[in-house]
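Trainee: For reference, the structure I am asking about is given below.
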Amino acid sequence: MADVVGGFGFRTGTGSGIGVGPYAELTFDSEGDVDRATQGAVARMEATDVLVFAHGWNSDRSTALRLYDRFFAPFPALVGPGVRLGYVGVVWPSMRFSDEPIPDFEAPGALAEAGYGCALDPLTRQALEGFWPGRRAELDRLAELLAEQPDSVAAFVEFGALVRELAGVDTVHTVVAPAVPAIFTEDVLEVCRALSVALARAGAVAEGAAGAEGARLTVGGGLRGLWGGAKELLRQAAYYKMKKRAGVVGERGLGPVLAELAAGRPALRFHLIGHSFGARVVSFSLRAVPDGARYVRSVTLLQGAFSHYAFADRLPHDKGRGGALRGLHRKVAGPLVACHSPHDSALKVFYPLASRMAGDSAGLLGFDERWGAIGHDGVQAVRGAPRLSLDTALREGMPAAGCVSVDAGSVVRRGGAPSGAHSDICHEELARVVVAAGRMGR
């Protein structure tokens, strides 16, 4: 198995750190290969309905366990007497930057040691070594540049080249090769400037970068203010790798495993939940659902970090193409619910910026409309997909099937820079959304 989740192990029942049960984990490596012992534990669960939750990008081992414990806690009191729940945490090789606080888990800055600014704090540095094993020399040099913040074009060029190496992209475009995201190929100073402006928009400008929006990109003074953008470029390289990995884990890992489990236990009803890139994991798993199968009873996406056009049969800006997951919501026996929030800076600011830098112009539809994330403004361009407030969804229930967008901004609203409310998902109201989508309520 390649790049196994560091420190994640198989856990059930007492001592798992999860307050509900039965609980088990499905552990995948970066290529989607499952730890068969964990699959066997899920297969033995005594349950009628199984909640399968995939964490997102901002997770290490302890964070994922705390997330599952907090999110699952309300469910026993919410479901009807005929429902016996099983709880599954999907664990896959992801990482977190420790300067991104998670509401209720720690105060802003509690994980990253004070005074680091643009530099890499020790916890993030350690996480990056685990995420890119064998690349210590490159990471050492990147950390040195971020700490020193040289006022030098050459230093930025070197930084950009090292980030491209870590991201595993080839800067030479060819006809047959897929396009390399422009965030890794355009002039590194222009990219760092754009990311510095985005940090300012997100309320997360590092000390000394407040004038980034008006900075002139010339040799000499002013370049020090762009090292916050350089650190964000490194973060985006990690996200670029995790985005691809999430699709692989979903399509080649979780999807086939769920199909096997359903074949052996046809009465089990699965309810898929995904946060951030974990929403991408569970959505791509639908590619493995056989035609006519009904074992996936609901899908709930929490601040999903992928395109709001993913399920569209036709893209508004290209009628000859559909979304990457076009029509796959029809594989779900019940509704596919996309919870979104305007307070999510990661998806409101950085996701569209990185998507726009994928190599195409934003076109007539504009920056945010074409490149938006499903966790920012819900499902787009799917005919007949209702848009509900959270209060309406909880009061009136969910449609029987199809895509539905739920504005969860009334509860998903807290969090520090640079991600905003992206990880503010542990709310009983969102647990009630899952219960309503799965028709499991009292």
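Ordered as shown in the structure tokens, chains take letters A, B, and onward, while each chain numbers its residues from 1 and ligands are numbered from 1 in the order shown.
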Using DSSP assignments from the backbone, pull out every residue in stretch 54-93 of chain A that falls under alpha helix (DSSP H) and give it to me as a list in words.

Mentor: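 So the alpha helix (DSSP H) residues in stretch 54-93 of chain A would be Arg61, Ser62, Thr63, Ala64, Leu65, Arg66, Leu67, Tyr68, Asp69, Arg70, Phe71 and Phe72 of chain A.
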
Trainee: Just the residues within 10 Å of A:Leu128, please, counting only C-alpha atoms, with nothing from its chain fewer than 3 positions along; format it as a PyMOL selection string.

Mentor: chain A and resi 95-97+120+122-125+131-133+135-136+139+234-235+238

Trainee: So, counting only C-alpha atoms, which residue among A:Gln126, A:Trp92, A:Val382, A:His376 is closest to A:Gly247?

Mentor: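 So, comparing all the options, the nearest one is A:Trp92.
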
Trainee: Quick check for you: according to DSSP on this backbone, which residues of stretch 181-390 of chain A are classed as strand (DSSP E)? Reply as a short mmCIF file (atom, residue, chain, number, x, y, z; two decimals) with N, CA, C and O atoms, in the first residue's frame.

Mentor:
```cif
data_model
loop_
_atom_site.label_atom_id
_atom_site.label_comp_id
_atom_site.auth_asym_id
_atom_site.auth_seq_id
_atom_site.Cartn_x
_atom_site.Cartn_y
_atom_site.Cartn_z
N ARG A 269 -28.28 -0.14 4.62
CA ARG A 269 -28.53 1.13 3.94
C ARG A 269 -27.38 2.08 4.29
O ARG A 269 -27.10 2.32 5.46
N PHE A 270 -26.71 2.60 3.26
CA PHE A 270 -25.55 3.47 3.48
C PHE A 270 -25.94 4.93 3.27
O PHE A 270 -26.63 5.28 2.31
N HIS A 271 -25.45 5.78 4.17
CA HIS A 271 -25.67 7.22 4.10
C HIS A 271 -24.29 7.87 4.09
O HIS A 271 -23.57 7.83 5.09
N LEU A 272 -23.92 8.45 2.97
CA LEU A 272 -22.57 8.98 2.80
C LEU A 272 -22.52 10.45 3.19
O LEU A 272 -23.40 11.24 2.85
N ILE A 273 -21.46 10.80 3.93
CA ILE A 273 -21.24 12.16 4.39
C ILE A 273 -19.79 12.52 4.07
O ILE A 273 -18.88 11.73 4.32
N GLY A 274 -19.57 13.70 3.51
CA GLY A 274 -18.20 14.12 3.22
C GLY A 274 -18.01 15.59 3.50
O GLY A 274 -18.88 16.41 3.21
N HIS A 275 -16.87 15.91 4.10
CA HIS A 275 -16.53 17.31 4.37
C HIS A 275 -15.36 17.72 3.49
O HIS A 275 -14.37 16.99 3.38
N VAL A 296 -27.02 3.00 -1.65
CA VAL A 296 -26.69 4.35 -1.20
C VAL A 296 -27.99 5.12 -1.06
O VAL A 296 -28.61 5.51 -2.05
N ARG A 297 -28.43 5.32 0.18
CA ARG A 297 -29.75 5.90 0.42
C ARG A 297 -29.73 7.43 0.50
O ARG A 297 -30.76 8.06 0.28
N SER A 298 -28.60 8.01 0.84
CA SER A 298 -28.50 9.47 0.86
C SER A 298 -27.03 9.86 0.82
O SER A 298 -26.15 9.08 1.17
N VAL A 299 -26.80 11.09 0.36
CA VAL A 299 -25.46 11.68 0.36
C VAL A 299 -25.59 13.10 0.90
O VAL A 299 -26.45 13.86 0.44
N THR A 300 -24.76 13.46 1.87
CA THR A 300 -24.74 14.81 2.40
C THR A 300 -23.33 15.37 2.27
O THR A 300 -22.38 14.79 2.81
N LEU A 301 -23.20 16.45 1.54
CA LEU A 301 -21.91 17.09 1.30
C LEU A 301 -21.82 18.34 2.17
O LEU A 301 -22.67 19.24 2.08
N LEU A 302 -20.80 18.41 3.01
CA LEU A 302 -20.60 19.53 3.92
C LEU A 302 -19.43 20.36 3.43
O LEU A 302 -18.29 19.90 3.44
N PRO A 335 -32.02 11.68 -1.64
CA PRO A 335 -31.45 12.95 -2.09
C PRO A 335 -29.94 13.04 -1.93
O PRO A 335 -29.34 12.37 -1.09
N LEU A 336 -29.34 13.87 -2.76
CA LEU A 336 -27.95 14.29 -2.60
C LEU A 336 -28.00 15.75 -2.16
O LEU A 336 -28.43 16.61 -2.91
N VAL A 337 -27.59 16.00 -0.92
CA VAL A 337 -27.75 17.30 -0.30
C VAL A 337 -26.40 18.01 -0.23
O VAL A 337 -25.43 17.47 0.32
N ALA A 338 -26.33 19.20 -0.79
CA ALA A 338 -25.11 20.01 -0.73
C ALA A 338 -25.33 21.15 0.25
O ALA A 338 -26.06 22.11 -0.05
N CYS A 339 -24.71 21.07 1.42
CA CYS A 339 -24.77 22.16 2.40
C CYS A 339 -23.66 23.16 2.07
O CYS A 339 -22.51 22.79 1.85
N HIS A 340 -24.03 24.44 2.04
CA HIS A 340 -23.07 25.47 1.66
C HIS A 340 -23.20 26.67 2.58
O HIS A 340 -24.21 26.84 3.26
N ARG A 387 -33.45 24.87 -3.86
CA ARG A 387 -32.52 25.58 -2.99
C ARG A 387 -33.29 25.96 -1.73
O ARG A 387 -34.28 26.70 -1.79
N LEU A 388 -32.84 25.46 -0.59
CA LEU A 388 -33.57 25.62 0.67
C LEU A 388 -32.71 26.31 1.71
O LEU A 388 -31.48 26.14 1.73
N SER A 389 -33.35 27.05 2.58
CA SER A 389 -32.66 27.50 3.78
C SER A 389 -32.57 26.32 4.74
O SER A 389 -33.32 25.34 4.61
#
```

Trainee: Nearest to A:Ala24 among A:Gly56, A:Gly327, A:Gly89, A:Gly82, with distances taken over only C-alpha atoms: which residue is it?

Mentor: A:Gly89

Trainee: For each of A:Leu145, A:Cys426, A:Val52, A:Ala154, take the minimum atom-to-atom distance to A:Ala230, counting only C-alpha atoms, then give the residue where this is smallest.

Mentor: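 Using only C-alpha atoms, A:Ala230 sits closest to A:Leu145.
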
Trainee: Would you kindly return, as a count of residues only, each protein, DNA or RNA residue with an atom no farther than 8 Å from any atom of stretch 239-246 of chain A, considering only C-alpha atoms and excluding same-chain residues fewer than 2 positions away?

Mentor: 15
